[in-house]
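Source file my_file.csv; content: CSV, C-alpha atoms and all ligand atoms.
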chain,number,residue,atom,x,y,z
A,1,MET,CA,0.0,0.0,0.0
A,2,TRP,CA,1.2,3.6,-0.7
A,3,ARG,CA,0.4,6.5,1.6
A,4,ARG,CA,0.7,10.1,0.7
A,5,VAL,CA,3.1,12.0,2.8
A,6,ALA,CA,3.0,15.4,1.1
A,7,SER,CA,0.5,17.5,-0.8
A,8,LEU,CA,0.1,16.7,-4.5
A,9,SER,CA,-2.3,19.2,-6.1
A,10,SER,CA,-0.5,22.4,-5.2
A,11,SER,CA,2.6,21.7,-7.3
A,12,ILE,CA,0.9,20.4,-10.5
A,13,SER,CA,0.7,23.3,-12.9
A,14,SER,CA,-1.5,23.3,-15.9
A,15,SER,CA,1.5,23.5,-18.2
A,16,PHE,CA,2.9,20.4,-16.5
A,17,LEU,CA,-0.4,18.6,-17.1
A,18,ALA,CA,-0.4,19.7,-20.7
A,19,GLN,CA,3.2,18.5,-21.1
A,20,THR,CA,2.3,15.2,-19.5
A,21,ALA,CA,-0.8,14.9,-21.7
A,22,SER,CA,1.4,15.5,-24.8
A,23,ARG,CA,3.8,12.7,-23.7
A,24,LEU,CA,0.9,10.4,-23.2
A,25,ASN,CA,-0.4,11.2,-26.7
A,26,THR,CA,2.9,10.0,-28.2
A,27,TRP,CA,3.2,6.9,-26.1
A,28,GLU,CA,-0.5,6.1,-26.5
A,29,SER,CA,0.3,5.5,-30.1
A,30,LEU,CA,2.3,2.4,-29.1
A,31,THR,CA,0.0,0.9,-26.6
A,32,THR,CA,-3.5,2.3,-27.3
A,33,GLY,CA,-5.2,-0.4,-25.4
A,34,ILE,CA,-3.7,0.5,-22.1
A,35,ALA,CA,-4.0,4.2,-22.7
A,36,GLN,CA,-7.8,3.8,-23.1
A,37,GLN,CA,-7.8,4.0,-19.3
A,38,ALA,CA,-6.8,7.7,-19.6
A,39,LYS,CA,-9.7,8.6,-21.9
A,40,GLY,CA,-11.3,10.8,-19.3
A,41,VAL,CA,-8.3,13.1,-19.2
A,42,ILE,CA,-7.2,13.4,-22.8
A,43,ALA,CA,-9.8,13.8,-25.5
A,44,PRO,CA,-9.7,10.7,-27.6
A,45,LYS,CA,-8.7,11.5,-31.2
A,46,GLU,CA,-7.8,9.5,-34.2
A,47,LYS,CA,-5.1,7.1,-33.2
A,48,THR,CA,-1.7,8.8,-33.3
A,49,PRO,CA,0.6,7.1,-35.8
A,50,PHE,CA,3.8,5.6,-34.3
A,51,ILE,CA,6.4,5.6,-37.0
A,52,THR,CA,9.6,3.5,-37.0
A,53,PHE,CA,12.1,3.8,-39.8
A,54,VAL,CA,14.2,0.6,-40.3
A,55,LEU,CA,17.5,1.4,-41.9
A,56,GLY,CA,20.7,-0.4,-42.7
A,57,GLY,CA,22.8,-1.6,-45.7
A,58,PRO,CA,21.6,-4.3,-48.1
A,59,GLY,CA,21.5,-7.6,-46.4
A,60,SER,CA,21.9,-6.2,-42.9
A,61,GLY,CA,18.7,-8.1,-41.8
A,62,LYS,CA,16.1,-5.3,-41.8
A,63,GLY,CA,13.3,-7.5,-43.3
A,64,THR,CA,14.2,-10.4,-41.1
A,65,GLN,CA,14.0,-8.4,-37.9
A,66,CYS,CA,10.8,-6.6,-39.0
A,67,ILE,CA,9.0,-9.9,-39.1
A,68,LYS,CA,10.0,-10.5,-35.4
A,69,ILE,CA,8.9,-6.9,-34.4
A,70,VAL,CA,5.6,-7.5,-36.1
A,71,GLU,CA,5.1,-10.8,-34.3
A,72,THR,CA,6.1,-9.3,-30.9
A,73,PHE,CA,4.8,-5.8,-31.0
A,74,GLY,CA,2.0,-5.8,-33.6
A,75,PHE,CA,3.3,-3.3,-36.0
A,76,ALA,CA,2.3,-3.0,-39.7
A,77,HIS,CA,5.4,-3.8,-41.9
A,78,LEU,CA,5.8,-1.6,-44.9
A,79,SER,CA,8.9,-2.6,-46.9
A,80,ALA,CA,9.6,0.2,-49.4
A,81,GLY,CA,11.5,-2.4,-51.6
A,82,ASP,CA,8.5,-4.8,-51.6
A,83,LEU,CA,6.2,-1.9,-52.5
A,84,LEU,CA,8.4,-1.0,-55.5
A,85,ARG,CA,8.7,-4.7,-56.5
A,86,ARG,CA,4.9,-4.9,-56.4
A,87,GLU,CA,4.7,-2.0,-58.8
A,88,ILE,CA,7.1,-3.8,-61.2
A,89,ALA,CA,5.0,-7.0,-60.9
A,90,SER,CA,1.7,-5.1,-61.6
A,91,LYS,CA,3.2,-3.6,-64.7
A,92,SER,CA,2.3,-0.1,-63.6
A,93,ALA,CA,3.3,3.0,-65.5
A,94,ASP,CA,6.4,3.3,-63.4
A,95,GLY,CA,7.2,-0.4,-63.4
A,96,ALA,CA,10.0,-0.4,-66.1
A,97,MET,CA,11.7,2.7,-64.6
A,98,ILE,CA,11.6,1.1,-61.1
A,99,LEU,CA,13.1,-2.2,-62.4
A,100,ASN,CA,16.0,-0.5,-64.1
A,101,THR,CA,16.7,1.6,-61.0
A,102,ILE,CA,16.7,-1.4,-58.8
A,103,LYS,CA,19.0,-3.4,-61.2
A,104,GLU,CA,21.4,-0.4,-61.1
A,105,GLY,CA,21.3,-0.3,-57.3
A,106,LYS,CA,20.1,3.3,-57.5
A,107,ILE,CA,17.3,5.1,-55.7
A,108,VAL,CA,13.8,5.4,-57.2
A,109,PRO,CA,12.6,9.0,-57.3
A,110,SER,CA,11.2,10.0,-53.9
A,111,GLN,CA,7.8,11.0,-55.3
A,112,VAL,CA,7.1,7.4,-56.4
A,113,THR,CA,8.2,5.7,-53.2
A,114,VAL,CA,6.6,8.3,-50.9
A,115,GLN,CA,3.3,7.9,-52.7
A,116,LEU,CA,3.3,4.1,-52.3
A,117,ILE,CA,4.1,4.4,-48.6
A,118,GLN,CA,1.5,7.0,-47.9
A,119,LYS,CA,-1.2,4.9,-49.7
A,120,GLU,CA,-0.3,1.8,-47.6
A,121,MET,CA,-0.4,3.8,-44.4
A,122,GLU,CA,-3.8,5.3,-45.2
A,123,LEU,CA,-5.2,1.8,-46.1
A,124,SER,CA,-3.9,0.2,-42.9
A,125,ASP,CA,-6.0,-0.4,-39.9
A,126,ASN,CA,-2.9,-0.3,-37.8
A,127,HIS,CA,-1.4,2.9,-36.5
A,128,LYS,CA,2.1,1.5,-35.7
A,129,PHE,CA,4.3,1.4,-38.7
A,130,LEU,CA,7.6,-0.2,-39.5
A,131,ILE,CA,8.9,1.6,-42.6
A,132,ASP,CA,11.6,-0.8,-43.8
A,133,GLY,CA,14.3,0.4,-46.2
A,134,PHE,CA,13.2,4.0,-46.3
A,135,PRO,CA,14.3,6.9,-46.2
A,136,ARG,CA,17.4,6.0,-48.2
A,137,THR,CA,18.5,9.5,-49.0
A,138,GLU,CA,18.1,12.9,-47.5
A,139,GLU,CA,15.8,13.8,-50.4
A,140,ASN,CA,13.7,10.7,-49.5
A,141,ARG,CA,13.5,12.0,-45.9
A,142,VAL,CA,12.5,15.5,-46.8
A,143,SER,CA,9.9,14.2,-49.3
A,144,PHE,CA,8.3,12.1,-46.6
A,145,GLU,CA,8.2,15.0,-44.2
A,146,ARG,CA,6.3,16.9,-46.7
A,147,ILE,CA,3.4,14.5,-46.6
A,148,LEU,CA,3.1,14.8,-42.9
A,149,PRO,CA,1.6,18.2,-42.4
A,150,GLU,CA,-1.9,16.7,-42.0
A,151,TRP,CA,-0.5,14.5,-39.1
A,152,GLN,CA,1.9,17.1,-37.9
A,153,SER,CA,-0.1,18.2,-34.9
A,154,GLN,CA,0.0,14.6,-33.7
A,155,ILE,CA,3.6,13.4,-34.5
A,156,GLY,CA,5.6,16.3,-35.6
A,157,VAL,CA,7.7,15.8,-38.8
A,158,GLU,CA,9.9,13.0,-37.4
A,159,PRO,CA,9.6,9.3,-36.9
A,160,ASN,CA,9.2,8.1,-33.3
A,161,VAL,CA,12.1,5.6,-33.6
A,162,VAL,CA,14.8,5.0,-36.1
A,163,LEU,CA,16.6,1.6,-36.1
A,164,PHE,CA,19.9,1.2,-37.8
A,165,PHE,CA,21.2,-2.3,-38.4
A,166,ASP,CA,24.9,-1.9,-38.4
A,167,CYS,CA,26.6,-4.8,-40.3
A,168,PRO,CA,30.0,-5.3,-41.8
A,169,GLU,CA,30.1,-5.1,-45.6
A,170,GLU,CA,31.6,-8.6,-45.9
A,171,GLU,CA,28.7,-10.1,-44.0
A,172,MET,CA,26.1,-8.1,-46.0
A,173,VAL,CA,27.5,-9.3,-49.3
A,174,LYS,CA,27.6,-12.9,-48.1
A,175,ARG,CA,23.9,-12.7,-47.0
A,176,VAL,CA,22.7,-11.0,-50.1
A,177,LEU,CA,24.4,-13.5,-52.4
A,178,ASN,CA,22.8,-16.4,-50.4
A,179,ARG,CA,19.3,-14.7,-50.1
A,180,ASN,CA,17.9,-16.9,-52.8
A,181,GLU,CA,14.7,-14.9,-53.4
A,182,GLY,CA,15.2,-14.5,-57.1
A,183,ARG,CA,15.8,-10.8,-56.8
A,184,VAL,CA,17.3,-8.9,-59.8
A,185,ASP,CA,19.6,-7.0,-57.5
A,186,ASP,CA,21.0,-10.0,-55.6
A,187,ASN,CA,24.2,-10.3,-57.6
A,188,LEU,CA,27.8,-9.1,-56.9
A,189,GLU,CA,27.8,-6.3,-59.5
A,190,THR,CA,24.6,-4.7,-58.1
A,191,ILE,CA,25.5,-5.2,-54.5
A,192,LYS,CA,28.8,-3.3,-55.0
A,193,LYS,CA,26.8,-0.4,-56.4
A,194,ARG,CA,24.3,-0.6,-53.6
A,195,LEU,CA,27.0,-0.4,-51.0
A,196,THR,CA,28.5,2.7,-52.6
A,197,VAL,CA,25.0,4.3,-52.7
A,198,PHE,CA,24.5,3.3,-49.0
A,199,GLN,CA,27.7,5.0,-47.9
A,200,ALA,CA,27.1,8.1,-50.0
A,201,LEU,CA,23.4,8.7,-49.6
A,202,SER,CA,21.9,6.6,-46.8
A,203,LEU,CA,24.6,7.2,-44.1
A,204,PRO,CA,23.8,11.0,-44.0
A,205,VAL,CA,20.2,10.1,-43.2
A,206,ILE,CA,21.3,7.8,-40.4
A,207,ASN,CA,23.6,10.6,-39.1
A,208,TYR,CA,20.8,13.1,-39.2
A,209,TYR,CA,18.6,11.0,-36.9
A,210,SER,CA,21.6,10.2,-34.7
A,211,GLU,CA,22.1,14.0,-34.1
A,212,ARG,CA,18.4,14.3,-33.3
A,213,GLY,CA,18.6,11.6,-30.7
A,214,LYS,CA,16.2,9.3,-32.6
A,215,LEU,CA,18.7,6.6,-33.6
A,216,TYR,CA,19.0,3.1,-32.1
A,217,THR,CA,22.0,1.3,-33.5
A,218,ILE,CA,21.8,-2.5,-33.5
A,219,LYS,CA,25.0,-4.6,-34.0
A,220,ALA,CA,23.6,-6.8,-36.7
A,221,ILE,CA,25.9,-9.7,-36.4
A,222,GLY,CA,25.0,-13.0,-34.6
A,223,THR,CA,22.0,-15.1,-34.9
A,224,GLU,CA,18.6,-13.6,-35.8
A,225,ASP,CA,17.4,-14.2,-32.2
A,226,GLU,CA,20.5,-12.6,-30.7
A,227,ILE,CA,20.0,-9.6,-32.8
A,228,PHE,CA,16.3,-9.4,-31.8
A,229,GLU,CA,17.3,-9.4,-28.2
A,230,GLN,CA,18.9,-5.9,-28.9
A,231,VAL,CA,15.7,-4.8,-30.7
A,232,ARG,CA,13.1,-6.0,-28.2
A,233,PRO,CA,14.0,-3.6,-25.3
A,234,ILE,CA,13.7,-0.6,-27.5
A,235,PHE,CA,10.0,-1.2,-28.1
A,236,ALA,CA,9.4,-2.7,-24.6
A,237,ALA,CA,10.7,0.5,-23.1
A,238,PHE,CA,8.0,2.5,-24.9
A,239,GLU,CA,5.4,0.0,-23.6
A,240,ASN,CA,6.6,0.3,-20.0
A,241,LYS,CA,6.6,4.1,-20.1
A,242,ILE,CA,3.0,4.2,-21.1
A,243,VAL,CA,1.9,1.9,-18.2
A,244,LEU,CA,3.7,4.1,-15.7
A,245,LEU,CA,2.4,7.3,-17.2
A,246,VAL,CA,-1.2,6.2,-17.4
A,247,ASN,CA,-1.1,5.2,-13.7
A,248,PHE,CA,0.5,8.5,-12.9
A,249,ILE,CA,-2.2,10.5,-14.7
A,250,GLU,CA,-5.0,8.5,-13.0
A,251,CYS,CA,-3.4,9.4,-9.7
A,252,ILE,CA,-3.3,13.1,-10.5
A,253,ILE,CA,-7.0,13.1,-11.5
A,254,THR,CA,-8.1,11.2,-8.5
A,255,CYS,CA,-5.9,13.2,-6.1
A,256,ASN,CA,-7.2,16.5,-7.6
A,257,ASN,CA,-10.7,15.3,-7.1
A,258,GLY,CA,-9.8,14.8,-3.5
A,259,LYS,CA,-10.8,11.2,-3.5
A,260,GLY,CA,-7.4,9.8,-2.7
A,261,HIS,CA,-5.8,6.9,-4.6
A,262,PRO,CA,-3.5,4.0,-4.0
A,263,PHE,CA,-0.4,5.3,-5.8
A,264,LYS,CA,1.7,2.6,-7.4
A,265,TYR,CA,4.6,4.4,-9.0
A,266,PRO,CA,6.2,6.9,-6.7
A,267,VAL,CA,9.5,6.8,-8.7
A,268,GLU,CA,7.6,7.9,-11.8
A,269,LEU,CA,5.9,10.7,-9.8
A,270,VAL,CA,9.2,12.1,-8.6
A,271,HIS,CA,10.6,11.8,-12.1
A,272,PHE,CA,7.8,13.8,-13.6
A,273,CYS,CA,7.6,16.3,-10.7
A,274,PRO,CA,11.1,17.6,-10.6
A,275,GLY,CA,10.1,20.1,-7.9
A,276,GLY,CA,9.9,17.0,-5.6
A,277,SER,CA,7.3,18.5,-3.2
A,278,ASP,CA,5.0,15.5,-3.6
A,279,ARG,CA,6.2,12.4,-1.9
A,280,TYR,CA,4.6,9.0,-1.6
A,281,GLU,CA,6.1,6.1,0.4
A,282,GLN,CA,5.2,2.5,0.7
A,283,THR,CA,3.6,1.4,3.9
A,284,VAL,CA,3.5,-2.1,5.2
A,285,GLY,CA,0.2,-3.9,5.2
A,301,LIG,N1,21.5,-12.7,-38.3
A,301,LIG,C1,21.5,-13.3,-39.5
A,301,LIG,N2,22.5,-14.2,-39.7
A,301,LIG,C2,22.6,-14.8,-40.9
A,301,LIG,N3,21.8,-14.5,-42.0
A,301,LIG,C3,20.8,-13.6,-41.8
A,301,LIG,C4,20.6,-13.0,-40.5
A,301,LIG,N4,19.5,-12.1,-40.6
A,301,LIG,C5,19.1,-12.3,-41.9
A,301,LIG,N5,19.8,-13.2,-42.6
A,301,LIG,C6,19.6,-13.6,-44.0
A,301,LIG,O1,20.3,-12.6,-44.8
A,301,LIG,C7,19.6,-12.3,-45.9
A,301,LIG,C8,19.2,-10.8,-45.9
A,301,LIG,O2,18.4,-10.5,-44.9
A,301,LIG,P1,17.2,-9.5,-45.0
A,301,LIG,O3,16.4,-9.5,-43.8
A,301,LIG,O4,16.5,-9.7,-46.4
A,301,LIG,O5,18.1,-8.1,-45.1
A,301,LIG,P2,17.7,-6.7,-45.6
A,301,LIG,O6,16.2,-6.6,-45.6
A,301,LIG,O7,18.4,-5.7,-44.7
A,301,LIG,O8,18.3,-6.7,-47.0
A,301,LIG,C9,18.3,-13.2,-45.9
A,301,LIG,O9,18.5,-14.4,-46.7
A,301,LIG,C10,18.2,-13.6,-44.4
A,301,LIG,O10,17.6,-14.8,-44.2
A,302,LIG,O1,13.0,3.7,-50.5
A,302,LIG,C1,13.5,2.9,-51.3
A,302,LIG,C2,13.6,1.5,-51.1
A,302,LIG,C3,14.2,0.7,-52.1
A,302,LIG,N1,14.6,1.3,-53.2
A,302,LIG,C4,15.1,0.4,-54.3
A,302,LIG,O2,14.9,-0.9,-54.0
A,302,LIG,C5,16.1,-1.7,-53.9
A,302,LIG,C6,15.8,-2.8,-52.9
A,302,LIG,O3,15.4,-2.3,-51.7
A,302,LIG,P1,15.1,-3.2,-50.4
A,302,LIG,O4,14.8,-2.4,-49.3
A,302,LIG,O5,14.1,-4.3,-50.8
A,302,LIG,O6,16.5,-3.9,-50.3
A,302,LIG,P2,17.3,-4.6,-49.0
A,302,LIG,O7,18.1,-3.5,-48.4
A,302,LIG,O8,16.2,-5.1,-48.2
A,302,LIG,O9,18.2,-5.6,-49.6
A,302,LIG,C7,17.1,-0.6,-53.5
A,302,LIG,O10,18.4,-1.0,-53.8
A,302,LIG,C8,16.7,0.5,-54.3
A,302,LIG,O11,17.0,0.4,-55.7
A,302,LIG,C9,14.5,2.6,-53.5
A,302,LIG,O12,14.8,3.1,-54.5
A,302,LIG,N2,13.9,3.4,-52.5
A,303,MG,MG,14.9,-6.0,-47.1

What is this file in structure tokens?
Amino acid sequence: MWRRVASLSSSISSSFLAQTASRLNTWESLTTGIAQQAKGVIAPKEKTPFITFVLGGPGSGKGTQCIKIVETFGFAHLSAGDLLRREIASKSADGAMILNTIKEGKIVPSQVTVQLIQKEMELSDNHKFLIDGFPRTEENRVSFERILPEWQSQIGVEPNVVLFFDCPEEEMVKRVLNRNEGRVDDNLETIKKRLTVFQALSLPVINYYSERGKLYTIKAIGTEDEIFEQVRPIFAAFENKIVLLVNFIECIITCNNGKGHPFKYPVELVHFCPGGSDRYEQTVG
């Protein structure tokens, strides 16, 4: 049992509540079910998109790890490469251009890729997206940001998480040459070009997100399961935060209503109340 040993309501300003509500709105997007508990506080809106970019060189294991993330955390997986290959297979107007670009290991014009991704996102029932293999260039990144204004109020112009599968070139080449999926670009000539493009055009995107504190670098060597054990805590941490925050908000409302509440997470309270005037401590029995 927790008992309150200092006053709570006096120190909680409206700006603090607003800030907390905004944090909840972001985290809610990862664990909407749990966050439903807080509906009384924050006006329920359309579900906030939670966007993860999955980056890394060719053969670094992006697609393989995306399957595991989908299984464990219920994301929708949008592979930019798969969407482009679907365009080729459907013999769409851009199909021939896309095929040549992929064979050459170059990057398809942003407008084409962004449109495909946007369409998939709009059609999806899910609100948690893994965007695999995109953005591959700074121009890709900026083009994607341009489609976001309609969502901007909810997520800003940036993804929530950026994963970077960091893999030695030798290992990437070996994996791609053994991939055996009949891809036109899985040959030594194309992979060499793809590696050059990755260094020149994709690394700057990765650096950009690193500077903005969004990047999670995964050492992409070892077994698939070993690599996933580096990925799992990243998403698990977002889930844990929402549980703590929802409990915290519930407590604020109840305390402000003067009804009292068993407070389960004093550490989180102190964390979010840097003034530290509100103290709860555990009592026995
Ligand atoms: N940790 C790993 N160890 C060995 N091979 C792997 C590993 N992860 C993926 N692979 C294999 O390497 C190839 C490329 O993986 P993939 O997920 O398609 O990478 P990417 O999407 O980054 O190009 C596939 O054949 C896949 O089965
Ligand atoms: O946003 C993208 C994603 C992919 N591609 C093209 O599609 C190829 C294959 O991409 P995919 O992500 O499927 O390759 P992977 O890294 O998984 O091997 C790339 O080399 C590019 O030619 C592109 O132009 N833009
Ligand atoms: Mg892939």

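Going from atom CA of Asp225 of chain A to atom CA of Tyr208 of chain A covers 28.4 Å.
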
Distance filter 12 Å around ligand MG 303 (chain A), atoms: all atoms listed in the file, out as a PDB file with C-alpha atoms, keeping the file's coordinate frame:
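And here is the file that came out, part12.pdb:
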ATOM      1  CA  VAL A  54      14.200   0.600 -40.300  1.00  0.00           C
ATOM      2  CA  LEU A  55      17.500   1.400 -41.900  1.00  0.00           C
ATOM      3  CA  GLY A  56      20.700  -0.400 -42.700  1.00  0.00           C
ATOM      4  CA  GLY A  57      22.800  -1.600 -45.700  1.00  0.00           C
ATOM      5  CA  PRO A  58      21.600  -4.300 -48.100  1.00  0.00           C
ATOM      6  CA  GLY A  59      21.500  -7.600 -46.400  1.00  0.00           C
ATOM      7  CA  SER A  60      21.900  -6.200 -42.900  1.00  0.00           C
ATOM      8  CA  GLY A  61      18.700  -8.100 -41.800  1.00  0.00           C
ATOM      9  CA  LYS A  62      16.100  -5.300 -41.800  1.00  0.00           C
ATOM     10  CA  GLY A  63      13.300  -7.500 -43.300  1.00  0.00           C
ATOM     11  CA  THR A  64      14.200 -10.400 -41.100  1.00  0.00           C
ATOM     12  CA  GLN A  65      14.000  -8.400 -37.900  1.00  0.00           C
ATOM     13  CA  CYS A  66      10.800  -6.600 -39.000  1.00  0.00           C
ATOM     14  CA  ILE A  67       9.000  -9.900 -39.100  1.00  0.00           C
ATOM     15  CA  HIS A  77       5.400  -3.800 -41.900  1.00  0.00           C
ATOM     16  CA  LEU A  78       5.800  -1.600 -44.900  1.00  0.00           C
ATOM     17  CA  SER A  79       8.900  -2.600 -46.900  1.00  0.00           C
ATOM     18  CA  ALA A  80       9.600   0.200 -49.400  1.00  0.00           C
ATOM     19  CA  GLY A  81      11.500  -2.400 -51.600  1.00  0.00           C
ATOM     20  CA  ASP A  82       8.500  -4.800 -51.600  1.00  0.00           C
ATOM     21  CA  LEU A  83       6.200  -1.900 -52.500  1.00  0.00           C
ATOM     22  CA  LEU A  84       8.400  -1.000 -55.500  1.00  0.00           C
ATOM     23  CA  ARG A  85       8.700  -4.700 -56.500  1.00  0.00           C
ATOM     24  CA  ILE A 131       8.900   1.600 -42.600  1.00  0.00           C
ATOM     25  CA  ASP A 132      11.600  -0.800 -43.800  1.00  0.00           C
ATOM     26  CA  GLY A 133      14.300   0.400 -46.200  1.00  0.00           C
ATOM     27  CA  PHE A 134      13.200   4.000 -46.300  1.00  0.00           C
ATOM     28  CA  PHE A 165      21.200  -2.300 -38.400  1.00  0.00           C
ATOM     29  CA  MET A 172      26.100  -8.100 -46.000  1.00  0.00           C
ATOM     30  CA  ARG A 175      23.900 -12.700 -47.000  1.00  0.00           C
ATOM     31  CA  VAL A 176      22.700 -11.000 -50.100  1.00  0.00           C
ATOM     32  CA  ARG A 179      19.300 -14.700 -50.100  1.00  0.00           C
ATOM     33  CA  GLU A 181      14.700 -14.900 -53.400  1.00  0.00           C
ATOM     34  CA  ARG A 183      15.800 -10.800 -56.800  1.00  0.00           C
ATOM     35  CA  ASP A 185      19.600  -7.000 -57.500  1.00  0.00           C
ATOM     36  CA  ASP A 186      21.000 -10.000 -55.600  1.00  0.00           C
TER      37      ASP A 186
END

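The closest residue to ligand LIG 302 (chain A), picked from A:Phe238, A:Phe50, A:Phe144, A:Phe75 and counting all atoms listed in the file, is A:Phe144.
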
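In this comparison, which uses all atoms listed in the file, the residue of A:Leu116, A:Leu177, A:Ile206, A:Ala237 approaching ligand LIG 301 (chain A) most closely is A:Leu177.
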
Selection: 9 Å around segment 105-112 of chain A, all atoms listed in the file, excl. self and same-chain fewer than 6 positions, as a PyMOL selection string: chain A and resi 84+94+97-98+135-137+139-141+143-144+185+190-195+197

If you keep C-alpha atoms, can you produce a file of those selected residues as a PDB file, in the coordinates of the input?
ATOM      1  CA  LEU A  84       8.400  -1.000 -55.500  1.00  0.00           C
ATOM      2  CA  ASP A  94       6.400   3.300 -63.400  1.00  0.00           C
ATOM      3  CA  MET A  97      11.700   2.700 -64.600  1.00  0.00           C
ATOM      4  CA  ILE A  98      11.600   1.100 -61.100  1.00  0.00           C
ATOM      5  CA  PRO A 135      14.300   6.900 -46.200  1.00  0.00           C
ATOM      6  CA  ARG A 136      17.400   6.000 -48.200  1.00  0.00           C
ATOM      7  CA  THR A 137      18.500   9.500 -49.000  1.00  0.00           C
ATOM      8  CA  GLU A 139      15.800  13.800 -50.400  1.00  0.00           C
ATOM      9  CA  ASN A 140      13.700  10.700 -49.500  1.00  0.00           C
ATOM     10  CA  ARG A 141      13.500  12.000 -45.900  1.00  0.00           C
ATOM     11  CA  SER A 143       9.900  14.200 -49.300  1.00  0.00           C
ATOM     12  CA  PHE A 144       8.300  12.100 -46.600  1.00  0.00           C
ATOM     13  CA  ASP A 185      19.600  -7.000 -57.500  1.00  0.00           C
ATOM     14  CA  THR A 190      24.600  -4.700 -58.100  1.00  0.00           C
ATOM     15  CA  ILE A 191      25.500  -5.200 -54.500  1.00  0.00           C
ATOM     16  CA  LYS A 192      28.800  -3.300 -55.000  1.00  0.00           C
ATOM     17  CA  LYS A 193      26.800  -0.400 -56.400  1.00  0.00           C
ATOM     18  CA  ARG A 194      24.300  -0.600 -53.600  1.00  0.00           C
ATOM     19  CA  LEU A 195      27.000  -0.400 -51.000  1.00  0.00           C
ATOM     20  CA  VAL A 197      25.000   4.300 -52.700  1.00  0.00           C
TER      21      VAL A 197
END

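Between atom P1 of ligand LIG 301 (chain A) and atom CA of Leu99 of chain A the interatomic distance comes to 19.3 Å.
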
Nearest to ligand LIG 301 (chain A) by atom-to-atom distance, counting only C-alpha atoms and all ligand atoms, from A:Leu163, A:Leu215, A:Ala220, A:Leu123: A:Ala220

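Across A:Val184, A:Ile221, A:Ala93, A:Val70, the tightest approach to ligand LIG 302 (chain A) is made by A:Val184 when counting all atoms listed in the file.
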
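Remark: for ligand LIG 302 (chain A), the closest of the candidate residues A:Thr52, A:Asn160, A:Gln230, A:Ser202 is A:Ser202 (distances computed over only C-alpha atoms and all ligand atoms).
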
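Closest approach to ligand LIG 301 (chain A) among A:Asp125, A:Glu226, A:Glu71, A:Glu104: A:Glu226, based on all atoms listed in the file.
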